[in-house]
Structures are given as structure tokens and as C-alpha cells.
Amino acid sequence: AAVPLLGPSQLEPILLSPDEVNSHMAATTMRPVGGTRTQLDNNPDTLSPPACLGSLLPGQASVYAGSGYTTVANRIIQDPPNALDHSTGQALVLFPSADQALAFVTAQATKWKACAGQRVTDTFSNGSGTATFAVGDVLGDPPRITQTHTMVGNTWACQHVMNAIANVVLDIEAAGFDHDAAMKSLPKP
């Protein structure tokens, strides 16, 4: 049976709570950063190649530009004060129809596959340097895809999942130094 379409007020209750995220990430001190936002993120860093922004980071405004989405619930939950211990980004993006949500994930799957096997360099806008990530293969097929990326020369690892359910795209990433916790936090396709 088809899943009923969701409305704008139904997005925020779907977001995982800090307690739920802590449990999934084998952490205890993760807390929201800045509360729940109704806008997508504008990453100020420079990525090379820039086409891999959507593969690396969830909920990016430039990735969703022109897609026809209508509403966003966006939350970051991290360990204070060092966000590199554990970090999650949850962006729930509402589309007018289930077909539009699925079309968005399908288009992203093609872009993510183009980034698989590449090394992507993130030059930080604050002048603190760069980080290079080895991007893994895309697993699954639309409506649900996953991809990992690991910082080169480090144990920082992330799993990014994008899933179209009804008229919502769940765009979620879990990351941390504990590779096993980051990878188990999001179910496999």
C-alpha cells in the first residue's frame, strides 16, 4: 500500500531525538547544535570536485536548488565541544509528491556514483586547512542509497543515507572517530 503523503508539520516529529542519536552512536553527550532549522545548509567550504558536495554532506541548499522541495526540518547533533567525536546531520525535505521525492533521490544516486572511488578535498572556509576523504561505493538503489566516506590518514568515518519515503527525502549522515559506531548507526540497504 502507498504511504500517505506528509505535510509540513509532520517533519520535525520524525527527527531523531538527542537520546535516540546517542543510543545509535554509542555516545552519551551528543546535543543539538542550534536547534531544529527550517532551512537547508549553505556549506561555506570549497570542495574539489565540487560536484561531490551532495555525496559528502546532507541537507545542502545548493544540492536541492531547483528540485521543487517545499519544507525542511534540519538538525545537527554533536558531541560538545569537539564535534569530531560523534556527529549527525538529519535533513528531512518535503516535496509536493512522492514522484518528485523519488526523482530527486534517483538523480542524486547518479551523482553519488560519479564520486565513488574518488578522493574529495574539503578546504575549510575558516582558513584552518583541508581534509581529504576517500569516498566509497554507493550501496542500494533508489528510493534508498547509502555511501561512506573516510578521512584519509584518520579514523573519522561517515555514512550518508538518502531515502525517499512518500513525499519526503530523508537525508541523514552519521560520523565519528569510532568507525563501527558510525557505520552501525544507520541501517544497511
# chains A, B, ... in the order shown; residues from 1 in each chain; ligands from 1
$ residues_around --residues "region 158-169 of chain A" --least-positions-apart "5" --cutoff "9 Å" --atoms "only C-alpha atoms" --output "PyMOL selection string"
chain A and resi 2-7+11+55-58+87+91-105+108-109+142-151+174-177+179+182-183+185-187
$ select_by_dssp --residues "region 133-172 of chain A" --states "strand (DSSP E or B)" --output "VMD selection string"
chain A and resid 133 to 139 144 to 151 157 to 165 168 to 172
$ atom_distance --atom1 "CA of Ser67 (chain A)" --atom2 "CA of Trp112 (chain A)"
16.5 Å
$ closest_residue --among "A:Ala131, A:Met25, A:Leu139, A:Ala65" --to "Asp41 (chain A)" --atoms "only C-alpha atoms"
A:Ala65
$ atom_distance --atom1 "CA of Gly140 (chain A)" --atom2 "CA of Ala107 (chain A)"
13.8 Å
$ residues_around --residues "Ser48 (chain A)" --least-positions-apart "5" --cutoff "12 Å" --atoms "only C-alpha atoms" --output "PyMOL selection string"
chain A and resi 53+56+115+118-124+130-133
$ write_last_selection --atoms "N, CA, C and O atoms" --output "compact mmCIF listing (two decimals), in the first residue's frame"
# COMPACT_ATOMS: atom_id res chain seq x y z
N LEU A 53 29.59 17.53 -3.35
CA LEU A 53 29.04 18.12 -2.12
C LEU A 53 27.86 17.31 -1.61
O LEU A 53 27.78 16.98 -0.43
N LEU A 56 28.92 14.07 0.03
CA LEU A 56 29.62 14.19 1.31
C LEU A 56 28.74 14.72 2.44
O LEU A 56 28.89 14.28 3.58
N CYS A 115 31.01 10.05 -7.75
CA CYS A 115 32.01 10.38 -6.72
C CYS A 115 32.65 9.14 -6.10
O CYS A 115 33.69 9.24 -5.46
N GLN A 118 36.54 8.20 -5.54
CA GLN A 118 37.32 9.43 -5.65
C GLN A 118 37.82 9.88 -4.28
O GLN A 118 37.32 9.45 -3.24
N ARG A 119 38.77 10.76 -4.34
CA ARG A 119 39.21 11.49 -3.15
C ARG A 119 38.69 12.91 -3.29
O ARG A 119 38.92 13.55 -4.31
N VAL A 120 37.99 13.36 -2.27
CA VAL A 120 37.40 14.69 -2.28
C VAL A 120 38.09 15.52 -1.21
O VAL A 120 38.18 15.10 -0.06
N THR A 121 38.57 16.69 -1.61
CA THR A 121 39.26 17.59 -0.68
C THR A 121 38.33 18.71 -0.27
O THR A 121 37.70 19.36 -1.11
N ASP A 122 38.22 18.91 1.03
CA ASP A 122 37.42 19.97 1.63
C ASP A 122 38.38 21.02 2.15
O ASP A 122 39.18 20.76 3.06
N THR A 123 38.35 22.22 1.56
CA THR A 123 39.16 23.35 2.03
C THR A 123 38.27 24.19 2.92
O THR A 123 37.27 24.76 2.48
N PHE A 124 38.63 24.25 4.20
CA PHE A 124 37.78 24.89 5.19
C PHE A 124 37.76 26.40 5.02
O PHE A 124 38.82 27.03 4.87
N THR A 130 42.74 21.81 5.26
CA THR A 130 41.95 20.95 4.38
C THR A 130 41.81 19.56 5.00
O THR A 130 42.55 19.20 5.92
N ALA A 131 40.87 18.82 4.47
CA ALA A 131 40.72 17.40 4.80
C ALA A 131 40.36 16.70 3.50
O ALA A 131 39.61 17.23 2.68
N THR A 132 40.93 15.51 3.31
CA THR A 132 40.64 14.73 2.12
C THR A 132 39.90 13.46 2.54
O THR A 132 40.28 12.81 3.51
N PHE A 133 38.86 13.14 1.79
CA PHE A 133 38.02 12.00 2.09
C PHE A 133 38.06 10.99 0.95
O PHE A 133 37.96 11.38 -0.22
$ residues_around --residues "Gln90 (chain A)" --least-positions-apart "4" --cutoff "12 Å" --atoms "only C-alpha atoms" --output "MDAnalysis selection string"
chainID A and resid 11:12 14:18 21 32:33 35:41 57:60 72:78 160:163 169:175 186
